[in-house]
Each structure stands twice: as C-alpha cells, then as structure tokens.
Amino acid sequence: MRSAAASMMQDSDLKELIAVEGSMEAEIIKSKLESFHIPVLLQYESAGRIFGITMDGLGKVKIMVPLSFLEEARKILAE
C-alpha cells in the first residue's frame, strides 16, 4: 500500500532532490520538507535497508519530490 504522499505523486513526476547515507538523515530532511507542505518520497537502496549497512552506497536513500516542488525544496535545504 502506498502512502498518501506517494499516491499524490506520479512516479514520472518525481525528481531526485538529494541522496543521503542512512535513513535517519533522510527522515530528518523529509520532515523538514513536509513542514513546508512539500510531498516527499524516500527511495531506499534495498540491501542497506535490510541489513542496516550504511557504507559504500548500501545505505543510500534518494529523496524524491515532485518536479513542481524541486526548486522550492532546494532553497529550503540551502537555508
């Protein structure tokens, strides 16, 4: 089942805002963006998620936002 934010977004409309190592940092960024009403989808690298490994790209999490919010999201993260 997809989340409400994911249901609002078409996969083709999503763009990668940033990629981070580990889910904790990704969740912090997601919370910040959502506080500005920007929908966010976290795309996890599967092996890192399963085994809890966050090195050599295995814990990589892509933070995806709709194209229409991309510039605003970049400005928020730059603050």
# chains A, B, ... in the order shown; residues from 1 in each chain; ligands from 1
$ residues_around --residues "segment 65-79 of chain A" --least-positions-apart "4" --cutoff "8 Å" --atoms "only C-alpha atoms" --output "MDAnalysis selection string"
chainID A and resid 9 13:17 29 33 38:41
$ atom_distance --atom1 "atom CA of Ser35 of chain A" --atom2 "atom CA of Glu21 of chain A"
21.7 Å
$ closest_residue --among "A:Glu27, A:Ala19, A:Glu45, A:Glu34" --to "Lys62 of chain A" --atoms "only C-alpha atoms"
A:Ala19
